$ cat input15.tsv   # TSV, C-alpha atoms
chain	number	residue	atom	x	y	z
L	1	MET	CA	14.46	-20.38	30.21
L	2	PHE	CA	11.19	-18.68	29.25
L	3	TYR	CA	12.32	-15.29	30.55
L	4	PHE	CA	15.71	-15.71	28.86
L	5	VAL	CA	13.99	-16.26	25.49
L	6	ILE	CA	11.74	-13.25	26.11
L	7	LEU	CA	14.81	-11.13	26.92
L	8	ILE	CA	16.56	-12.17	23.69
L	9	GLN	CA	13.36	-11.59	21.70
L	10	THR	CA	13.02	-8.08	23.08
L	11	ALA	CA	16.68	-7.29	22.39
L	12	ILE	CA	16.33	-8.52	18.78
L	13	ASN	CA	13.20	-6.51	18.11
L	14	THR	CA	14.66	-3.37	19.67
L	15	GLY	CA	17.85	-3.75	17.64
L	16	VAL	CA	15.89	-4.23	14.41
L	17	GLY	CA	13.69	-1.23	15.27
L	18	ILE	CA	16.76	0.96	15.82
L	19	GLY	CA	18.30	-0.25	12.56
L	20	ALA	CA	15.10	0.34	10.59
L	21	ILE	CA	14.72	3.91	11.90
L	22	LEU	CA	18.40	4.62	11.22
L	23	LEU	CA	18.29	3.32	7.64
L	24	ALA	CA	14.99	5.10	6.93
L	25	GLY	CA	16.52	8.36	8.17
L	26	GLU	CA	19.51	7.79	5.91
L	27	CYS	CA	17.19	7.25	2.92
L	28	LEU	CA	15.50	10.59	3.63
L	29	GLN	CA	18.94	12.17	3.88
L	30	ILE	CA	19.90	10.71	0.48
L	31	MET	CA	16.77	12.20	-1.11
L	32	TYR	CA	17.41	15.53	0.58
L	33	SER	CA	21.06	15.62	-0.52
L	34	SER	CA	20.14	14.90	-4.13
L	35	LEU	CA	17.53	17.68	-4.15
L	36	SER	CA	19.53	20.18	-2.06
L	37	PRO	CA	23.28	19.39	-2.22
L	38	ASP	CA	24.18	22.37	-0.02
L	39	GLY	CA	21.44	21.78	2.54
L	40	SER	CA	22.30	22.06	6.22
L	41	LEU	CA	19.99	19.40	7.72
L	42	LYS	CA	21.80	16.61	9.56
L	43	LEU	CA	21.03	12.89	9.76
L	44	TYR	CA	19.49	13.12	13.24
L	45	VAL	CA	16.83	15.52	11.90
L	46	PHE	CA	15.65	12.89	9.41
L	47	ILE	CA	15.77	10.21	12.10
L	48	ALA	CA	13.51	12.43	14.23
L	49	MET	CA	11.07	12.73	11.29
L	50	VAL	CA	11.01	8.96	10.85
L	51	THR	CA	10.49	8.47	14.60
L	52	VAL	CA	7.44	10.75	14.57
L	53	VAL	CA	5.91	8.76	11.70
L	54	MET	CA	6.69	5.51	13.50
L	55	ILE	CA	5.03	6.77	16.69
L	56	VAL	CA	1.82	7.41	14.74
L	57	LEU	CA	1.94	4.08	12.88
L	58	SER	CA	2.83	2.14	16.03
L	59	GLN	CA	-0.70	2.65	17.34
L	60	PHE	CA	-1.97	-0.22	15.16
L	61	PRO	CA	-3.32	-2.37	17.99
L	62	THR	CA	-2.24	-5.91	16.97
L	63	PHE	CA	0.04	-7.90	14.68
L	64	HIS	CA	-3.06	-9.07	12.74
L	65	SER	CA	-4.00	-5.45	11.97
L	66	LEU	CA	-0.71	-5.16	10.02
L	67	ARG	CA	-1.56	-7.92	7.53
L	68	HIS	CA	-2.15	-5.49	4.64
L	69	ILE	CA	1.03	-3.60	5.49
L	70	ASN	CA	2.89	-6.94	5.45
L	71	LEU	CA	1.58	-7.68	1.95
L	72	ALA	CA	2.58	-4.20	0.74
L	73	SER	CA	5.99	-4.74	2.36
L	74	LEU	CA	6.51	-7.88	0.26
L	75	PHE	CA	5.89	-6.02	-3.01
L	76	LEU	CA	8.06	-3.11	-1.87
L	77	SER	CA	10.93	-5.52	-1.14
L	78	LEU	CA	10.66	-7.08	-4.58
L	79	GLY	CA	10.35	-3.68	-6.26
L	80	TYR	CA	13.37	-2.27	-4.43
L	81	SER	CA	15.48	-5.32	-5.26
L	82	PHE	CA	14.64	-5.22	-8.98
L	83	ILE	CA	15.42	-1.49	-9.11
L	84	VAL	CA	18.76	-1.84	-7.29
L	85	VAL	CA	19.88	-4.87	-9.30
L	86	GLY	CA	18.99	-3.07	-12.56
L	87	ALA	CA	20.78	0.10	-11.40
L	88	CYS	CA	23.90	-1.89	-10.41
L	89	ILE	CA	24.02	-3.67	-13.78
L	90	HIS	CA	23.60	-0.29	-15.52
L	91	ALA	CA	26.39	1.23	-13.41
L	92	GLY	CA	28.72	-1.74	-13.88
L	93	LEU	CA	28.38	-1.75	-17.66
L	94	SER	CA	28.54	2.03	-18.15
L	95	LYS	CA	31.65	3.91	-19.28
L	96	ASN	CA	31.76	5.62	-15.85
L	97	ALA	CA	31.81	2.31	-13.97
L	98	PRO	CA	33.64	2.64	-10.63
L	99	SER	CA	36.95	0.86	-10.07
L	100	ARG	CA	36.54	-2.45	-8.27
L	101	ASP	CA	38.68	-3.97	-5.57
L	102	TYR	CA	37.76	-7.41	-4.26
L	103	SER	CA	40.79	-7.86	-2.01
L	104	LEU	CA	40.46	-8.80	1.67
L	105	GLU	CA	42.08	-7.23	4.73
L	106	SER	CA	45.87	-7.64	4.80
L	107	SER	CA	45.90	-8.65	8.48
L	108	GLU	CA	44.96	-12.28	9.19
L	109	SER	CA	43.38	-11.39	12.55
L	110	ALA	CA	41.26	-8.69	10.89
L	111	ARG	CA	40.06	-11.23	8.30
L	112	VAL	CA	39.07	-13.66	11.05
L	113	PHE	CA	37.18	-11.01	13.04
L	114	ASN	CA	35.45	-9.73	9.90
L	115	ALA	CA	34.46	-13.29	8.99
L	116	PHE	CA	32.70	-13.82	12.33
L	117	THR	CA	31.06	-10.39	12.11
L	118	SER	CA	29.80	-11.35	8.65
L	119	ILE	CA	28.45	-14.66	9.97
L	120	SER	CA	26.52	-12.70	12.61
L	121	ILE	CA	25.09	-10.33	9.98
L	122	ILE	CA	24.04	-13.28	7.79
L	123	ALA	CA	22.39	-14.86	10.84
L	124	ALA	CA	20.46	-11.62	11.37
L	125	ILE	CA	19.32	-11.69	7.72
L	126	PHE	CA	18.14	-15.30	7.78
L	127	GLY	CA	16.80	-14.84	11.29
L	128	ASN	CA	13.88	-12.92	9.79
L	129	GLY	CA	12.15	-16.29	9.69
L	130	ILE	CA	11.96	-16.40	13.45
L	131	LEU	CA	9.08	-13.90	13.48
L	132	PRO	CA	6.59	-16.11	11.60
L	133	GLU	CA	7.79	-19.02	13.76
L	134	ILE	CA	6.97	-17.15	16.98
L	135	GLN	CA	3.67	-15.81	15.68
L	136	ALA	CA	2.65	-19.22	14.28
L	137	THR	CA	2.85	-20.86	17.69
L	138	LEU	CA	0.33	-18.43	19.19
L	139	ALA	CA	-2.69	-20.07	17.55
L	140	PRO	CA	-3.30	-23.60	16.21
L	141	PRO	CA	-2.57	-25.24	13.85
L	142	ALA	CA	1.03	-24.09	14.32
L	143	THR	CA	2.90	-26.52	12.06
L	144	GLY	CA	1.15	-25.83	8.76
L	145	LYS	CA	1.22	-22.06	9.13
L	146	MET	CA	4.86	-22.12	10.19
L	147	VAL	CA	6.01	-24.13	7.17
L	148	LYS	CA	4.14	-21.88	4.73
L	149	GLY	CA	5.39	-18.72	6.41
L	150	LEU	CA	9.00	-19.90	6.47
L	151	LEU	CA	8.96	-21.03	2.83
L	152	MET	CA	7.67	-17.63	1.79
L	153	CYS	CA	10.11	-15.85	4.08
L	154	TYR	CA	13.25	-17.63	2.83
L	155	THR	CA	12.16	-17.40	-0.80
L	156	VAL	CA	11.83	-13.63	-0.49
L	157	ILE	CA	15.19	-13.43	1.34
L	158	LEU	CA	16.98	-15.35	-1.41
L	159	VAL	CA	15.41	-13.28	-4.18
L	160	THR	CA	15.87	-9.88	-2.54
L	161	PHE	CA	18.84	-9.84	-0.15
L	162	TYR	CA	21.18	-11.97	-2.23
L	163	SER	CA	20.41	-10.31	-5.56
L	164	THR	CA	21.18	-6.84	-4.18
L	165	ALA	CA	24.25	-8.04	-2.23
L	166	VAL	CA	25.81	-9.86	-5.20
L	167	SER	CA	25.08	-7.10	-7.73
L	168	GLY	CA	26.31	-4.38	-5.35
L	169	TYR	CA	29.53	-6.23	-4.57
L	170	TRP	CA	30.09	-6.91	-8.29
L	171	VAL	CA	29.95	-3.17	-9.07
L	172	PHE	CA	31.68	-1.63	-6.04
L	173	GLY	CA	33.76	-4.45	-4.55
L	174	ASN	CA	34.89	-3.91	-0.97
L	175	LYS	CA	34.01	-0.19	-1.23
L	176	SER	CA	30.31	-0.99	-1.35
L	177	ASN	CA	28.25	0.91	1.22
L	178	SER	CA	25.89	-0.95	3.57
L	179	ASN	CA	23.15	1.13	1.94
L	180	ILE	CA	23.84	0.42	-1.73
L	181	LEU	CA	21.79	3.46	-2.78
L	182	LYS	CA	24.47	5.65	-1.22
L	183	SER	CA	27.09	4.02	-3.47
L	184	LEU	CA	24.86	4.53	-6.50
L	185	MET	CA	24.26	8.18	-5.56
L	186	PRO	CA	27.68	9.45	-4.32
L	187	ASP	CA	27.76	12.90	-2.70
L	188	ASP	CA	30.47	14.46	-4.90
L	189	GLU	CA	29.82	12.70	-8.20
L	190	PRO	CA	26.93	12.21	-10.64
L	191	SER	CA	24.52	9.35	-10.00
L	192	LEU	CA	25.56	6.05	-11.56
L	193	ALA	CA	22.00	5.33	-12.72
L	194	PRO	CA	19.01	7.50	-13.74
L	195	THR	CA	18.06	9.68	-10.76
L	196	TRP	CA	14.32	8.99	-11.10
L	197	VAL	CA	14.98	5.22	-10.92
L	198	LEU	CA	17.09	5.58	-7.79
L	199	GLY	CA	14.52	7.96	-6.31
L	200	LEU	CA	11.86	5.29	-6.80
L	201	GLY	CA	14.16	2.79	-5.09
L	202	VAL	CA	14.61	5.15	-2.14
L	203	VAL	CA	10.82	5.51	-1.78
L	204	CYS	CA	10.36	1.71	-1.91
L	205	VAL	CA	12.98	0.99	0.75
L	206	LEU	CA	11.75	3.88	2.94
L	207	LEU	CA	8.20	2.51	3.01
L	208	GLN	CA	9.56	-1.01	3.49
L	209	LEU	CA	11.56	0.13	6.52
L	210	PHE	CA	8.43	1.61	8.09
L	211	ALA	CA	6.80	-1.81	7.68
L	212	ILE	CA	9.84	-3.62	9.15
L	213	GLY	CA	9.90	-1.33	12.16
L	214	LEU	CA	6.18	-1.86	12.77
L	215	VAL	CA	6.25	-5.65	12.41
L	216	TYR	CA	9.25	-6.25	14.65
L	217	SER	CA	8.03	-3.79	17.28
L	218	GLN	CA	4.76	-5.70	17.69
L	219	VAL	CA	6.49	-8.52	19.58
L	220	ALA	CA	7.97	-6.01	22.03
L	221	TYR	CA	4.53	-4.39	22.41
L	222	GLU	CA	2.96	-7.78	23.18
L	223	ILE	CA	5.48	-8.32	25.97
L	224	MET	CA	5.04	-4.83	27.44
L	225	GLU	CA	1.25	-4.84	27.25
L	226	LYS	CA	0.80	-8.19	28.93
L	227	LYS	CA	1.56	-6.32	32.16
L	228	SER	CA	-0.15	-3.02	31.42
L	229	ALA	CA	-3.41	-4.12	29.73
L	230	ASP	CA	-6.62	-5.24	31.40
L	231	VAL	CA	-8.02	-8.13	29.33
L	232	GLN	CA	-11.42	-7.69	30.96
L	233	GLN	CA	-11.85	-4.35	29.17
L	234	GLY	CA	-12.00	-3.51	25.46
L	235	MET	CA	-8.93	-2.88	23.33
L	236	PHE	CA	-9.99	0.72	22.76
L	237	SER	CA	-11.21	1.44	26.28
L	238	LYS	CA	-9.55	4.35	28.06
L	239	ARG	CA	-7.98	1.90	30.53
L	240	ASN	CA	-6.09	0.10	27.75
L	241	LEU	CA	-5.74	2.83	25.14
L	242	LEU	CA	-3.80	5.37	27.22
L	243	PRO	CA	-1.13	2.94	28.50
L	244	ARG	CA	-0.73	1.57	24.98
L	245	ILE	CA	-0.17	5.03	23.47
L	246	ILE	CA	2.29	6.01	26.23
L	247	LEU	CA	4.31	2.77	26.17
L	248	ARG	CA	4.55	2.56	22.39
L	249	THR	CA	5.45	6.23	22.09
L	250	LEU	CA	8.22	5.91	24.70
L	251	TYR	CA	9.53	2.75	23.02
L	252	MET	CA	9.74	4.46	19.61
L	253	ILE	CA	11.38	7.56	21.13
L	254	PHE	CA	14.01	5.30	22.71
L	255	CYS	CA	14.69	3.53	19.39
L	256	GLY	CA	14.88	6.86	17.53
L	257	PHE	CA	17.19	8.37	20.14
L	258	MET	CA	19.59	5.41	19.97
L	259	ALA	CA	19.56	5.47	16.15
L	260	ALA	CA	20.40	9.19	16.11
L	261	MET	CA	23.04	8.97	18.83
L	262	LEU	CA	24.83	5.83	17.55
L	263	PRO	CA	24.34	5.43	13.78
L	264	PHE	CA	26.26	2.13	13.45
L	265	PHE	CA	24.12	0.18	10.98
L	266	GLY	CA	26.43	-2.73	10.11
L	267	ASP	CA	27.72	-3.01	13.68
L	268	ILE	CA	24.19	-3.11	15.11
L	269	ASN	CA	23.28	-5.87	12.65
L	270	GLY	CA	26.31	-7.88	13.73
L	271	VAL	CA	25.61	-7.54	17.45
L	272	VAL	CA	21.89	-8.39	17.02
L	273	GLY	CA	22.78	-11.43	14.91
L	274	ALA	CA	25.40	-12.75	17.33
L	275	ILE	CA	23.57	-12.12	20.61
L	276	GLY	CA	19.99	-12.60	19.39
L	277	PHE	CA	19.48	-14.57	16.20
L	278	ILE	CA	22.23	-17.21	16.54
L	279	PRO	CA	21.03	-18.41	19.99
L	280	LEU	CA	17.34	-18.31	19.02
L	281	ASP	CA	17.79	-19.92	15.59
L	282	PHE	CA	20.54	-22.49	16.15
L	283	VAL	CA	21.10	-23.16	19.86
L	284	LEU	CA	17.81	-22.99	21.76
L	285	PRO	CA	15.75	-25.11	19.28
L	286	MET	CA	18.26	-27.99	19.61
L	287	LEU	CA	18.41	-27.62	23.39
L	288	LEU	CA	14.61	-27.55	23.73
L	289	TYR	CA	14.26	-30.55	21.40
L	290	ASN	CA	16.65	-32.62	23.52
L	291	MET	CA	14.93	-31.48	26.73
L	292	THR	CA	11.41	-32.18	25.39
L	293	TYR	CA	11.80	-35.42	23.43
L	294	LYS	CA	14.81	-36.75	25.36
L	295	PRO	CA	16.43	-38.79	22.55
L	296	PRO	CA	18.82	-41.51	23.80
L	297	LYS	CA	22.37	-40.28	24.33
L	298	SER	CA	23.56	-43.02	22.00
L	299	SER	CA	21.34	-41.76	19.14
L	300	LEU	CA	22.51	-39.74	16.14
L	301	THR	CA	19.82	-37.11	16.79
L	302	TYR	CA	21.13	-36.34	20.27
L	303	TRP	CA	24.74	-35.93	19.14
L	304	LEU	CA	23.79	-33.98	16.01
L	305	ASN	CA	21.78	-31.52	18.12
L	306	LEU	CA	24.60	-31.30	20.66
L	307	SER	CA	27.16	-30.65	17.90
L	308	ILE	CA	25.04	-27.87	16.40
L	309	MET	CA	24.65	-26.30	19.85
L	310	VAL	CA	28.40	-26.37	20.52
L	311	VAL	CA	29.41	-25.06	17.08
L	312	PHE	CA	26.92	-22.21	17.01
L	313	THR	CA	27.52	-21.27	20.63
L	314	GLY	CA	31.17	-20.80	19.68
L	315	ALA	CA	30.18	-18.90	16.51
L	316	GLY	CA	27.84	-16.68	18.54
L	317	LEU	CA	30.49	-15.89	21.16
L	318	MET	CA	33.10	-15.11	18.51
L	319	GLY	CA	30.55	-13.13	16.51
L	320	ALA	CA	29.56	-11.11	19.57
L	321	PHE	CA	33.20	-10.38	20.40
L	322	SER	CA	34.11	-9.39	16.83
L	323	SER	CA	30.96	-7.27	16.36
L	324	ILE	CA	31.44	-5.42	19.65
L	325	ARG	CA	35.15	-5.02	18.82
L	326	LYS	CA	34.21	-3.40	15.50
L	327	LEU	CA	31.69	-1.21	17.28
L	328	VAL	CA	34.37	-0.02	19.72
L	329	LEU	CA	36.89	0.60	16.91
L	330	ASP	CA	34.33	2.57	14.90
L	331	ALA	CA	33.35	4.55	18.01
L	332	GLY	CA	36.95	5.77	18.31
L	333	LYS	CA	36.67	7.73	15.04
L	334	PHE	CA	33.12	8.92	15.55
L	335	LYS	CA	31.13	11.67	17.28
L	336	LEU	CA	27.75	11.26	18.91
L	337	PHE	CA	24.81	12.29	16.71
L	338	SER	CA	27.04	12.14	13.62
L	339	SER	CA	25.54	12.89	10.21
L	340	ASP	CA	27.21	9.84	8.62
L	341	VAL	CA	26.12	6.24	9.09
L	342	VAL	CA	29.02	3.98	10.08
L	343	ASP	CA	29.14	0.74	8.03
$ encode --input "input15.tsv" --output "structure tokens"
Amino acid sequence: MFYFVILIQTAINTGVGIGAILLAGECLQIMYSSLSPDGSLKLYVFIAMVTVVMIVLSQFPTFHSLRHINLASLFLSLGYSFIVVGACIHAGLSKNAPSRDYSLESSESARVFNAFTSISIIAAIFGNGILPEIQATLAPPATGKMVKGLLMCYTVILVTFYSTAVSGYWVFGNKSNSNILKSLMPDDEPSLAPTWVLGLGVVCVLLQLFAIGLVYSQVAYEIMEKKSADVQQGMFSKRNLLPRIILRTLYMIFCGFMAAMLPFFGDINGVVGAIGFIPLDFVLPMLLYNMTYKPPKSSLTYWLNLSIMVVFTGAGLMGAFSSIRKLVLDAGKFKLFSSDVVD
């Protein structure tokens, strides 16, 4: 069970790292396209730039050393959300407001598959809380720190993710891009909000994505370095420093390579949510509770936990199938190292 949880953890963190590098590269591409509309640089070039920066930043030795970056990340998230919501309201009320279509897929099977993919993506969004949970259990007192961390985490999620999602869908309907800045700054049309405002939003989300990549990668580093490090020697000794630099550099190169080769942002979110976050957030906690505290099989607690496990196991399996199905369908109309991110 322990190794299974570690495997899922590593898959989640790698998926989030790939997604963060991909989205950061796309933000650089948006800035480049607005400054040089006829420029020849492709998306994979910007992903390579982001990967180099991430390799340098990844050498922060521990999760605790990122505490100031985490605080800055919070303010960047809030700043980006306020900018995007304001830009969407401006675009929606302007005389050049885009046409809106809120209709669903005509095929019933497509609607069902899209619904389960969406559930997986939402699980990935709310699954952000699993990181403070994991980190809180590493040092006592776990309970108090976990509650405070989760309250802060879900408050920020509600304020940031939902405000941008609702405002973006209100303006663009089902044509909204997974990166709402791309909808606000279309390639062949004028920007739907002041360019300097959107530019500030791009900078905020770019820096935020660097922070996300660093924070989520730390858990993978902890797992890798348990085997490679010698705890008897100092953190900055040659014995520990060289393996750390090599392992973290190779890990970031792998994430950058996958992001450049397969730029499927929405699809990656769906797969990570279905395979990673749903089991860790909704299935394993109930299973471990029943195994640890052994409530009577006649009790409400036992059957409630069992029901949650069954329902979310089914949701995870359907979400994994629908997300991978969408990934395969998107791959059919796509070339490796494409310059366009697939939603």
$ residues_around --input "input15.tsv" --residues "L:Ile278" --least-positions-apart "6" --cutoff "9 Å" --atoms "all atoms listed in the file" --output "PyMOL selection string"
chain L and resi 120+123-124+127+272+284+312-313+315-316
$ atom_distance --input "input15.tsv" --atom1 "atom CA of L:Ser109" --atom2 "atom CA of L:Ser322"
10.4 Å
$ closest_residue --input "input15.tsv" --among "L:Glu105, L:Gln59, L:Val45, L:Leu241" --to "L:Val215" --atoms "all atoms listed in the file"
L:Gln59
$ residues_around --input "input15.tsv" --residues "L:Phe82" --least-positions-apart "3" --cutoff "9 Å" --atoms "all atoms listed in the file" --output "list of chain:residue names"
L:Ser77, L:Leu78, L:Gly79, L:Val85, L:Gly86, L:Ala87, L:Thr160, L:Ser163, L:Thr164, L:Gly201
$ closest_residue --input "input15.tsv" --among "L:Pro98, L:Gly19, L:Pro190, L:Gly149" --to "L:Lys175" --atoms "only C-alpha atoms"
L:Pro98
$ closest_residue --input "input15.tsv" --among "L:Met309, L:Met185, L:Leu250, L:Met224" --to "L:Tyr32" --atoms "all atoms listed in the file"
L:Met185
$ closest_residue --input "input15.tsv" --among "L:Ile55, L:Ser323, L:Leu158, L:Met286" --to "L:Trp303" --atoms "only C-alpha atoms"
L:Met286
$ closest_residue --input "input15.tsv" --among "L:Ala24, L:Ala331, L:Val53, L:Met31" --to "L:Ile253" --atoms "all atoms listed in the file"
L:Val53
$ atom_distance --input "input15.tsv" --atom1 "atom CA of L:Ser58" --atom2 "atom CA of L:Leu74"
19.0 Å
$ atom_distance --input "input15.tsv" --atom1 "atom CA of L:Val147" --atom2 "atom CA of L:Val219"
19.9 Å
$ residues_around --input "input15.tsv" --residues "stretch 324-326 of chain L" --least-positions-apart "5" --cutoff "12 Å" --atoms "all atoms listed in the file" --output "list in words"
Ala110, Phe113, Asn114, Ala115, Phe116, Thr117, Ser118, Ser120, Phe264, Phe265, Gly266, Asp267, Ile268, Asn269, Gly270, Val271, Val272, Gly273, Ala274, Ile275, Gly316, Leu317, Met318, Gly319, Ala331, Gly332, Lys333, Val342 and Asp343 of chain L
$ residues_near_point --input "input15.tsv" --point "(19.9, -10.1, 22.0)" --cutoff "7 Å" --atoms "all atoms listed in the file" --output "list in words"
Ile8, Gln9, Ala11, Ile12, Val272, Ile275 and Gly276 of chain L
$ write_last_selection --input "input15.tsv" --atoms "C-alpha atoms" --output "mmCIF file, keeping the file's coordinate frame"
data_model
loop_
_atom_site.group_PDB
_atom_site.id
_atom_site.type_symbol
_atom_site.label_atom_id
_atom_site.label_comp_id
_atom_site.auth_asym_id
_atom_site.auth_seq_id
_atom_site.Cartn_x
_atom_site.Cartn_y
_atom_site.Cartn_z
ATOM 1 C CA ILE L 8 16.560 -12.170 23.690
ATOM 2 C CA GLN L 9 13.360 -11.590 21.700
ATOM 3 C CA ALA L 11 16.680 -7.290 22.390
ATOM 4 C CA ILE L 12 16.330 -8.520 18.780
ATOM 5 C CA VAL L 272 21.890 -8.390 17.020
ATOM 6 C CA ILE L 275 23.570 -12.120 20.610
ATOM 7 C CA GLY L 276 19.990 -12.600 19.390
#
$ build_atoms --input "input15.tsv" --residues "stretch 27-47 of chain L" --atoms "N, CA and C atoms" --output "PDB file, keeping the file's coordinate frame"
ATOM      1  N   CYS L  27      17.842   7.149   4.232  1.00  0.00           N
ATOM      2  CA  CYS L  27      17.190   7.250   2.920  1.00  0.00           C
ATOM      3  C   CYS L  27      16.611   8.645   2.704  1.00  0.00           C
ATOM      4  N   LEU L  28      15.992   9.208   3.740  1.00  0.00           N
ATOM      5  CA  LEU L  28      15.500  10.590   3.630  1.00  0.00           C
ATOM      6  C   LEU L  28      16.651  11.556   3.394  1.00  0.00           C
ATOM      7  N   GLN L  29      17.769  11.307   4.062  1.00  0.00           N
ATOM      8  CA  GLN L  29      18.940  12.170   3.880  1.00  0.00           C
ATOM      9  C   GLN L  29      19.465  12.074   2.449  1.00  0.00           C
ATOM     10  N   ILE L  30      19.460  10.883   1.866  1.00  0.00           N
ATOM     11  CA  ILE L  30      19.900  10.710   0.480  1.00  0.00           C
ATOM     12  C   ILE L  30      19.015  11.512  -0.467  1.00  0.00           C
ATOM     13  N   MET L  31      17.698  11.428  -0.270  1.00  0.00           N
ATOM     14  CA  MET L  31      16.770  12.200  -1.110  1.00  0.00           C
ATOM     15  C   MET L  31      17.010  13.686  -0.945  1.00  0.00           C
ATOM     16  N   TYR L  32      17.195  14.116   0.294  1.00  0.00           N
ATOM     17  CA  TYR L  32      17.410  15.530   0.580  1.00  0.00           C
ATOM     18  C   TYR L  32      18.714  16.026  -0.061  1.00  0.00           C
ATOM     19  N   SER L  33      19.765  15.219   0.041  1.00  0.00           N
ATOM     20  CA  SER L  33      21.060  15.620  -0.520  1.00  0.00           C
ATOM     21  C   SER L  33      21.018  15.722  -2.035  1.00  0.00           C
ATOM     22  N   SER L  34      20.236  14.845  -2.673  1.00  0.00           N
ATOM     23  CA  SER L  34      20.140  14.900  -4.130  1.00  0.00           C
ATOM     24  C   SER L  34      19.333  16.102  -4.596  1.00  0.00           C
ATOM     25  N   LEU L  35      18.355  16.521  -3.789  1.00  0.00           N
ATOM     26  CA  LEU L  35      17.530  17.680  -4.150  1.00  0.00           C
ATOM     27  C   LEU L  35      18.173  18.991  -3.709  1.00  0.00           C
ATOM     28  N   SER L  36      18.904  18.964  -2.595  1.00  0.00           N
ATOM     29  CA  SER L  36      19.530  20.180  -2.060  1.00  0.00           C
ATOM     30  C   SER L  36      20.955  19.849  -1.608  1.00  0.00           C
ATOM     31  N   PRO L  37      21.914  19.801  -2.562  1.00  0.00           N
ATOM     32  CA  PRO L  37      23.280  19.390  -2.220  1.00  0.00           C
ATOM     33  C   PRO L  37      23.949  20.230  -1.134  1.00  0.00           C
ATOM     34  N   ASP L  38      23.559  21.487  -1.016  1.00  0.00           N
ATOM     35  CA  ASP L  38      24.180  22.370  -0.020  1.00  0.00           C
ATOM     36  C   ASP L  38      23.325  22.531   1.232  1.00  0.00           C
ATOM     37  N   GLY L  39      22.333  21.669   1.389  1.00  0.00           N
ATOM     38  CA  GLY L  39      21.440  21.780   2.540  1.00  0.00           C
ATOM     39  C   GLY L  39      22.165  21.544   3.859  1.00  0.00           C
ATOM     40  N   SER L  40      21.622  22.105   4.918  1.00  0.00           N
ATOM     41  CA  SER L  40      22.300  22.060   6.220  1.00  0.00           C
ATOM     42  C   SER L  40      21.710  21.027   7.183  1.00  0.00           C
ATOM     43  N   LEU L  41      20.625  20.346   6.795  1.00  0.00           N
ATOM     44  CA  LEU L  41      19.990  19.400   7.720  1.00  0.00           C
ATOM     45  C   LEU L  41      20.881  18.182   7.946  1.00  0.00           C
ATOM     46  N   LYS L  42      20.957  17.733   9.179  1.00  0.00           N
ATOM     47  CA  LYS L  42      21.800  16.610   9.560  1.00  0.00           C
ATOM     48  C   LYS L  42      20.980  15.318   9.640  1.00  0.00           C
ATOM     49  N   LEU L  43      21.688  14.185   9.740  1.00  0.00           N
ATOM     50  CA  LEU L  43      21.030  12.890   9.760  1.00  0.00           C
ATOM     51  C   LEU L  43      20.037  12.774  10.912  1.00  0.00           C
ATOM     52  N   TYR L  44      20.379  13.278  12.082  1.00  0.00           N
ATOM     53  CA  TYR L  44      19.490  13.120  13.240  1.00  0.00           C
ATOM     54  C   TYR L  44      18.153  13.824  13.049  1.00  0.00           C
ATOM     55  N   VAL L  45      18.106  14.845  12.192  1.00  0.00           N
ATOM     56  CA  VAL L  45      16.830  15.520  11.900  1.00  0.00           C
ATOM     57  C   VAL L  45      15.904  14.566  11.152  1.00  0.00           C
ATOM     58  N   PHE L  46      16.459  13.841  10.184  1.00  0.00           N
ATOM     59  CA  PHE L  46      15.650  12.890   9.410  1.00  0.00           C
ATOM     60  C   PHE L  46      15.248  11.693  10.263  1.00  0.00           C
ATOM     61  N   ILE L  47      16.124  11.292  11.175  1.00  0.00           N
ATOM     62  CA  ILE L  47      15.770  10.210  12.100  1.00  0.00           C
ATOM     63  C   ILE L  47      14.610  10.652  12.990  1.00  0.00           C
TER      64      ILE L  47
END
